[in-house]
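See structure below.
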Amino acid sequence: MKKYLVLFLILLYSGSFAQPKKLALLNAHLFNGVDNRIQTNTIIFINGRLIERIGKTGDAIPSDYEVIDCQGNYILPGLIDAHSHLDNLESAKRALATGVTSVRTAGVSAYQDVSLMQLSLQGKIAGPDVIPAGVYVSPDLEETILADVRLASLINGVKTDDELRLLVNVNIDRGAKVIKTRGTERAGRPDTDPREQVYTEHQLRVVVEEASKRGIPVMVHAHGDEGARAAVKAGAKSIEHGTFLSEETLKLMKSKGTFLVPTFITLEDLTQPGGDYMGPVLELRGKFMMPQAEQVFRKARELGVPIATGADNGYSSSTTSRISLECQHFVRMGMTPYEAIQSATTVAAKLLGIDQSTGKIIPGFEADLILVPGNPQQEVRYLQDVLLVISNGQVALKRIPFGLPDK
């Protein structure tokens, strides 16, 4: 018993229960996230958490590297979900299984996203890496009032300048790396109108300015145009959803470099049985909103507004929204597969402020990558069938080879 206790303590203080290994990914066709082409028959060398170098099939592989034969399948950067509500370990595993290796949360109940961030940074879980938002800055905190004792004074609402500043700072104190606030009401509740503005431009500016004092960006939920325009004027980093955006607001976003995260797959969820949203009011609402959101998407792309992927779910066991399906919608609505994949990798990485460490498969970047069974630049649906996930150098999912195991 004593022997096992000593082993446990060694593992505990080594910083990780699953240290990344040296890996050589053999026989892989590579889309590196940068070049609009496929590099054939490559070897990706991974050392610890980082990509060490890119070689060619036939290069010598040192004996201390574990070899994974990719069997001629296609490697690309891990996908990024820029609008998630990830808040538990099982859901983190499900996110990884869909090929998502980085997420930005958009509000959770009690700073679980901050803990997930730390577990991933410390290597105690493979990932995904998390940019946490903490508690949603909204007029009524409801049950999230219980997330921190300092929020008790906000029991009657979060509306005044001082109340907004308090919540922003409690979030940042607790480890939030982005602030999520509200420009308009929700689409996913039958008793609210998603076009109705919630916070004024002044209130949104208070949130943005208070967060910026500590170097933290702000993401703003806004379906309606007035609330979104107020958020853009106030300095929001991104508009989430943006279903009813006008051309005027989109042009303003382009001029200010504001990102759009349309979460189109969530509108589809409204129209379908199962998933996260159900009911006749939401079904009819979704059917009306989807064509409207498509018009906005096409205009945003035409104007050059940067567009990033977000699935807007917590990766529960019942959710049907996926970044791979969001990419498929992007292609259907006019993007090339290359553009859609960039929205889920390099563009999303830039929005999250992690574009110097992930979103590309190049030496020195984090080893965040996935393997799919066909060329995603020819057919983006291959993103739905993830065969291998490596996050921060750790193998999080491995479904190859397909043959029978050795006896």
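Residues in the structure tokens are numbered from 1 in each chain, the chains being A, B, ... in the order shown, and ligands are numbered from 1 in the order shown.
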
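Residues of stretch 29-161 of chain A assigned to alpha helix (DSSP H) by DSSP on this structure's backbone: Leu89, Glu90, Ser91, Ala92, Lys93, Arg94, Ala95, Leu96, Ala97, Gln112, Asp113, Val114, Ser115, Leu116, Met117, Gln118, Leu119, Ser120, Leu121 and Asp161 of chain A.
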
The selected residues should be written to file as a CSV table (one decimal), in the first residue's frame (atoms: C-alpha atoms).
```
chain,number,residue,atom,x,y,z
A,89,LEU,CA,-15.2,16.9,-17.5
A,90,GLU,CA,-17.4,14.4,-19.3
A,91,SER,CA,-18.5,17.2,-21.7
A,92,ALA,CA,-14.8,18.1,-22.2
A,93,LYS,CA,-14.2,14.5,-23.4
A,94,ARG,CA,-17.2,14.7,-25.8
A,95,ALA,CA,-15.9,18.0,-27.2
A,96,LEU,CA,-12.5,16.4,-27.9
A,97,ALA,CA,-14.2,13.4,-29.5
A,112,GLN,CA,-16.2,25.5,-13.9
A,113,ASP,CA,-14.7,26.7,-17.1
A,114,VAL,CA,-11.8,28.3,-15.2
A,115,SER,CA,-11.1,25.0,-13.5
A,116,LEU,CA,-11.1,23.2,-16.9
A,117,MET,CA,-8.7,25.8,-18.2
A,118,GLN,CA,-6.3,25.1,-15.3
A,119,LEU,CA,-6.6,21.3,-15.7
A,120,SER,CA,-5.7,21.6,-19.4
A,121,LEU,CA,-2.9,24.0,-18.8
A,161,ASP,CA,-22.5,51.2,-13.8
```

With stretch 323-332 of chain A as the partner and 12 Å as the cut-off, tabulate the residues of stretch 336-387 of chain A that qualify, each row holding the nearest pair of atoms and their distance in Å to one decimal, using only C-alpha atoms, sorted by chain and rising number, as a Markdown table.
```
| residue | atom | partner | partner_atom | distance |
| --- | --- | --- | --- | --- |
| A:Thr336 | CA | A:Val331 | CA | 5.6 |
| A:Pro337 | CA | A:Val331 | CA | 6.0 |
| A:Tyr338 | CA | A:Val331 | CA | 9.1 |
| A:Glu339 | CA | A:Val331 | CA | 8.2 |
| A:Ala340 | CA | A:Cys327 | CA | 5.4 |
| A:Ile341 | CA | A:Cys327 | CA | 6.8 |
| A:Gln342 | CA | A:Cys327 | CA | 9.5 |
| A:Ser343 | CA | A:Cys327 | CA | 8.0 |
| A:Ala344 | CA | A:Cys327 | CA | 7.4 |
| A:Thr345 | CA | A:Ile323 | CA | 10.6 |
| A:Ala348 | CA | A:Ile323 | CA | 11.5 |
| A:Val372 | CA | A:Ser324 | CA | 11.3 |
| A:Pro376 | CA | A:Gln328 | CA | 10.5 |
| A:Gln377 | CA | A:Val331 | CA | 10.6 |
| A:Gln378 | CA | A:Val331 | CA | 10.9 |
| A:Glu379 | CA | A:Gln328 | CA | 9.0 |
| A:Val380 | CA | A:Gln328 | CA | 6.1 |
| A:Arg381 | CA | A:Gln328 | CA | 6.3 |
| A:Tyr382 | CA | A:Ser324 | CA | 8.3 |
| A:Leu383 | CA | A:Ser324 | CA | 5.3 |
| A:Gln384 | CA | A:Ser324 | CA | 5.4 |
| A:Asp385 | CA | A:Ser324 | CA | 9.0 |
| A:Val386 | CA | A:Ser324 | CA | 9.7 |
```

Task: Selection near stretch 235-245 of chain A, 6 Å with only C-alpha atoms, sequence-local residues under 4 positions removed, as an MDAnalysis selection string - done: chainID A and resid 218:225 231 258:263 293

Open item on the list: Can you tell me which residues surround stretch 352-366 of chain A at a distance of at most 10 Å, considering only C-alpha atoms, apart from same-chain residues fewer than 2 positions away, and format the answer as number ranges by chain?
Closed with: A: 30-35, 44-54, 75-82, 101-104, 130-131, 177-178, 217, 237-238, 308, 342-350, 368-369, 390-393

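The neighbours of A:Asn41 here are the residues that come within 8 Å of it, using only C-alpha atoms and leaving out any residue fewer than 2 positions away in the same chain; they are Leu26, Asn27, Ala28, His29, Leu30, Gln39, Ile43, Lys56, Thr57 and Gly72 of chain A.
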
Give me a file of those residues, with C-alpha atoms, as an mmCIF file, in the first residue's frame.
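File produced: result.cif:
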```cif
data_model
loop_
_atom_site.group_PDB
_atom_site.id
_atom_site.type_symbol
_atom_site.label_atom_id
_atom_site.label_comp_id
_atom_site.auth_asym_id
_atom_site.auth_seq_id
_atom_site.Cartn_x
_atom_site.Cartn_y
_atom_site.Cartn_z
ATOM 1 C CA LEU A 26 3.400 8.471 -40.136
ATOM 2 C CA ASN A 27 1.749 8.266 -43.580
ATOM 3 C CA ALA A 28 -0.386 11.375 -43.185
ATOM 4 C CA HIS A 29 -1.656 13.816 -45.781
ATOM 5 C CA LEU A 30 -1.368 17.237 -44.165
ATOM 6 C CA GLN A 39 1.116 18.021 -48.321
ATOM 7 C CA ILE A 43 5.473 12.631 -40.835
ATOM 8 C CA LYS A 56 8.383 13.129 -45.238
ATOM 9 C CA THR A 57 7.587 9.430 -45.352
ATOM 10 C CA GLY A 72 -3.031 7.741 -45.641
#
```

- [ ] Can you pull out every residue within 10 Å of A:Lys299, counting only C-alpha atoms, but drop anything in the same chain fewer than 6 positions away, and send it as a PyMOL selection string?
- [x] chain A and resi 245-247+250-251+293+305

Same residues, N, CA and C atoms, output as a PDB file, in the first residue's frame:
```
ATOM      1  N   LEU A 245     -28.621  41.346 -38.239  1.00  0.00           N
ATOM      2  CA  LEU A 245     -27.712  42.459 -38.496  1.00  0.00           C
ATOM      3  C   LEU A 245     -28.010  43.130 -39.833  1.00  0.00           C
ATOM      4  N   SER A 246     -27.952  44.451 -39.817  1.00  0.00           N
ATOM      5  CA  SER A 246     -28.123  45.225 -41.047  1.00  0.00           C
ATOM      6  C   SER A 246     -26.780  45.367 -41.756  1.00  0.00           C
ATOM      7  N   GLU A 247     -26.832  45.770 -43.025  1.00  0.00           N
ATOM      8  CA  GLU A 247     -25.601  46.011 -43.763  1.00  0.00           C
ATOM      9  C   GLU A 247     -24.800  47.129 -43.108  1.00  0.00           C
ATOM     10  N   LEU A 250     -22.904  45.596 -40.253  1.00  0.00           N
ATOM     11  CA  LEU A 250     -21.836  44.743 -40.772  1.00  0.00           C
ATOM     12  C   LEU A 250     -20.666  45.575 -41.295  1.00  0.00           C
ATOM     13  N   LYS A 251     -20.963  46.670 -41.959  1.00  0.00           N
ATOM     14  CA  LYS A 251     -19.887  47.550 -42.435  1.00  0.00           C
ATOM     15  C   LYS A 251     -19.132  48.155 -41.256  1.00  0.00           C
ATOM     16  N   ALA A 293     -30.569  34.565 -40.967  1.00  0.00           N
ATOM     17  CA  ALA A 293     -29.163  34.442 -40.578  1.00  0.00           C
ATOM     18  C   ALA A 293     -28.284  34.113 -41.780  1.00  0.00           C
ATOM     19  N   VAL A 305     -16.102  40.650 -43.251  1.00  0.00           N
ATOM     20  CA  VAL A 305     -16.159  40.553 -41.792  1.00  0.00           C
ATOM     21  C   VAL A 305     -15.570  39.205 -41.383  1.00  0.00           C
TER      22      VAL A 305
END
```

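The space separating atom CA of A:Ala60 from atom CA of A:Ala24 comes to 10.3 Å.
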
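For stretch 103-256 of chain A, backbone-based DSSP labels the following residues as strand (DSSP E or B): Val103, Arg104, Thr105, Asp129, Val130, Ile131, Val137, Ile179, Lys180, Thr181, Arg182, Thr184, Gln197, Val218, Met219, Val220, His221, Ala222, Ser238, Ile239, Glu240 and His241 of chain A.
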
For the selection just defined, write its residues with N, CA and C atoms to a file, as a PDB file, in the first residue's frame.
```pdb
ATOM      1  N   VAL A 103     -11.699  25.861 -26.846  1.00  0.00           N
ATOM      2  CA  VAL A 103     -13.009  26.494 -26.758  1.00  0.00           C
ATOM      3  C   VAL A 103     -12.897  27.831 -26.047  1.00  0.00           C
ATOM      4  N   ARG A 104     -13.807  28.727 -26.408  1.00  0.00           N
ATOM      5  CA  ARG A 104     -14.047  29.940 -25.625  1.00  0.00           C
ATOM      6  C   ARG A 104     -15.443  29.786 -25.041  1.00  0.00           C
ATOM      7  N   THR A 105     -15.562  29.878 -23.738  1.00  0.00           N
ATOM      8  CA  THR A 105     -16.890  29.726 -23.156  1.00  0.00           C
ATOM      9  C   THR A 105     -17.657  31.042 -23.231  1.00  0.00           C
ATOM     10  N   ASP A 129      -8.282  23.074 -24.538  1.00  0.00           N
ATOM     11  CA  ASP A 129      -7.881  24.326 -23.906  1.00  0.00           C
ATOM     12  C   ASP A 129      -9.102  25.241 -23.830  1.00  0.00           C
ATOM     13  N   VAL A 130      -9.186  26.013 -22.750  1.00  0.00           N
ATOM     14  CA  VAL A 130     -10.382  26.811 -22.499  1.00  0.00           C
ATOM     15  C   VAL A 130     -10.017  28.274 -22.291  1.00  0.00           C
ATOM     16  N   ILE A 131     -10.730  29.147 -22.997  1.00  0.00           N
ATOM     17  CA  ILE A 131     -10.714  30.595 -22.718  1.00  0.00           C
ATOM     18  C   ILE A 131     -12.004  30.870 -21.956  1.00  0.00           C
ATOM     19  N   VAL A 137     -22.545  38.289 -17.891  1.00  0.00           N
ATOM     20  CA  VAL A 137     -22.943  39.631 -17.424  1.00  0.00           C
ATOM     21  C   VAL A 137     -24.290  39.953 -18.051  1.00  0.00           C
ATOM     22  N   ILE A 179     -14.968  38.394 -21.240  1.00  0.00           N
ATOM     23  CA  ILE A 179     -16.237  38.734 -20.594  1.00  0.00           C
ATOM     24  C   ILE A 179     -17.350  38.566 -21.610  1.00  0.00           C
ATOM     25  N   LYS A 180     -18.406  37.879 -21.196  1.00  0.00           N
ATOM     26  CA  LYS A 180     -19.592  37.704 -22.048  1.00  0.00           C
ATOM     27  C   LYS A 180     -20.724  38.554 -21.473  1.00  0.00           C
ATOM     28  N   THR A 181     -21.314  39.397 -22.339  1.00  0.00           N
ATOM     29  CA  THR A 181     -22.461  40.181 -21.910  1.00  0.00           C
ATOM     30  C   THR A 181     -23.531  40.164 -23.000  1.00  0.00           C
ATOM     31  N   ARG A 182     -24.598  40.870 -22.741  1.00  0.00           N
ATOM     32  CA  ARG A 182     -25.804  40.734 -23.549  1.00  0.00           C
ATOM     33  C   ARG A 182     -26.175  42.062 -24.223  1.00  0.00           C
ATOM     34  N   THR A 184     -28.916  41.752 -26.659  1.00  0.00           N
ATOM     35  CA  THR A 184     -30.339  41.510 -26.893  1.00  0.00           C
ATOM     36  C   THR A 184     -30.781  40.266 -26.119  1.00  0.00           C
ATOM     37  N   GLN A 197     -33.528  44.777 -27.485  1.00  0.00           N
ATOM     38  CA  GLN A 197     -32.276  45.236 -26.895  1.00  0.00           C
ATOM     39  C   GLN A 197     -32.353  45.185 -25.379  1.00  0.00           C
ATOM     40  N   VAL A 218     -14.270  41.546 -24.763  1.00  0.00           N
ATOM     41  CA  VAL A 218     -15.688  41.331 -24.462  1.00  0.00           C
ATOM     42  C   VAL A 218     -16.389  40.750 -25.681  1.00  0.00           C
ATOM     43  N   MET A 219     -17.162  39.703 -25.459  1.00  0.00           N
ATOM     44  CA  MET A 219     -18.024  39.119 -26.482  1.00  0.00           C
ATOM     45  C   MET A 219     -19.464  39.463 -26.121  1.00  0.00           C
ATOM     46  N   VAL A 220     -20.282  39.773 -27.131  1.00  0.00           N
ATOM     47  CA  VAL A 220     -21.644  40.250 -26.859  1.00  0.00           C
ATOM     48  C   VAL A 220     -22.668  39.417 -27.612  1.00  0.00           C
ATOM     49  N   HIS A 221     -23.578  38.814 -26.859  1.00  0.00           N
ATOM     50  CA  HIS A 221     -24.727  38.115 -27.429  1.00  0.00           C
ATOM     51  C   HIS A 221     -25.671  39.153 -28.034  1.00  0.00           C
ATOM     52  N   ALA A 222     -25.941  39.036 -29.325  1.00  0.00           N
ATOM     53  CA  ALA A 222     -26.842  39.996 -29.964  1.00  0.00           C
ATOM     54  C   ALA A 222     -27.416  39.398 -31.239  1.00  0.00           C
ATOM     55  N   SER A 238     -16.386  40.644 -30.393  1.00  0.00           N
ATOM     56  CA  SER A 238     -17.175  39.811 -31.306  1.00  0.00           C
ATOM     57  C   SER A 238     -18.654  39.957 -31.017  1.00  0.00           C
ATOM     58  N   ILE A 239     -19.445  39.763 -32.062  1.00  0.00           N
ATOM     59  CA  ILE A 239     -20.898  39.683 -31.951  1.00  0.00           C
ATOM     60  C   ILE A 239     -21.278  38.223 -32.097  1.00  0.00           C
ATOM     61  N   GLU A 240     -22.006  37.723 -31.112  1.00  0.00           N
ATOM     62  CA  GLU A 240     -22.434  36.330 -31.110  1.00  0.00           C
ATOM     63  C   GLU A 240     -23.850  36.236 -31.681  1.00  0.00           C
ATOM     64  N   HIS A 241     -24.023  35.426 -32.690  1.00  0.00           N
ATOM     65  CA  HIS A 241     -25.293  35.149 -33.375  1.00  0.00           C
ATOM     66  C   HIS A 241     -25.529  36.130 -34.519  1.00  0.00           C
TER      67      HIS A 241
END
```

Task: Contacts of A:Ala147 within 9 Å, only C-alpha atoms, excl. fewer than 4 positions in-chain, as a list in words - done: Ser109, Ala110, Tyr111, Val135, Glu143 and Leu151 of chain A

Generate a file of the selected residues that holds N, CA and C atoms, formatted as a tab-separated table (two decimals), in the first residue's frame.
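And here's out-v9.tsv as it stands now:
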```tsv
chain	number	residue	atom	x	y	z
A	109	SER	N	-22.25	28.46	-14.99
A	109	SER	CA	-22.95	28.78	-13.75
A	109	SER	C	-22.05	29.14	-12.58
A	110	ALA	N	-20.82	28.59	-12.55
A	110	ALA	CA	-20.03	28.81	-11.33
A	110	ALA	C	-18.53	28.61	-11.55
A	111	TYR	N	-17.97	29.15	-12.62
A	111	TYR	CA	-16.53	29.16	-12.88
A	111	TYR	C	-15.94	27.77	-13.09
A	135	VAL	N	-19.08	33.94	-15.29
A	135	VAL	CA	-20.51	34.24	-15.18
A	135	VAL	C	-20.93	35.26	-16.24
A	143	GLU	N	-29.78	31.88	-10.96
A	143	GLU	CA	-29.06	31.00	-10.04
A	143	GLU	C	-27.54	31.25	-10.02
A	151	LEU	N	-21.18	38.39	-5.18
A	151	LEU	CA	-22.28	38.75	-6.08
A	151	LEU	C	-23.60	38.97	-5.34
```

Open item on the list: Between atom CA of A:Leu86 and atom CA of A:Tyr315, what is the distance in Å, rounded to a tenth?
Closed with: 6.5 Å

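Between atom CA of A:Ala311 and atom CA of A:His85 lies a distance of 9.2 Å.
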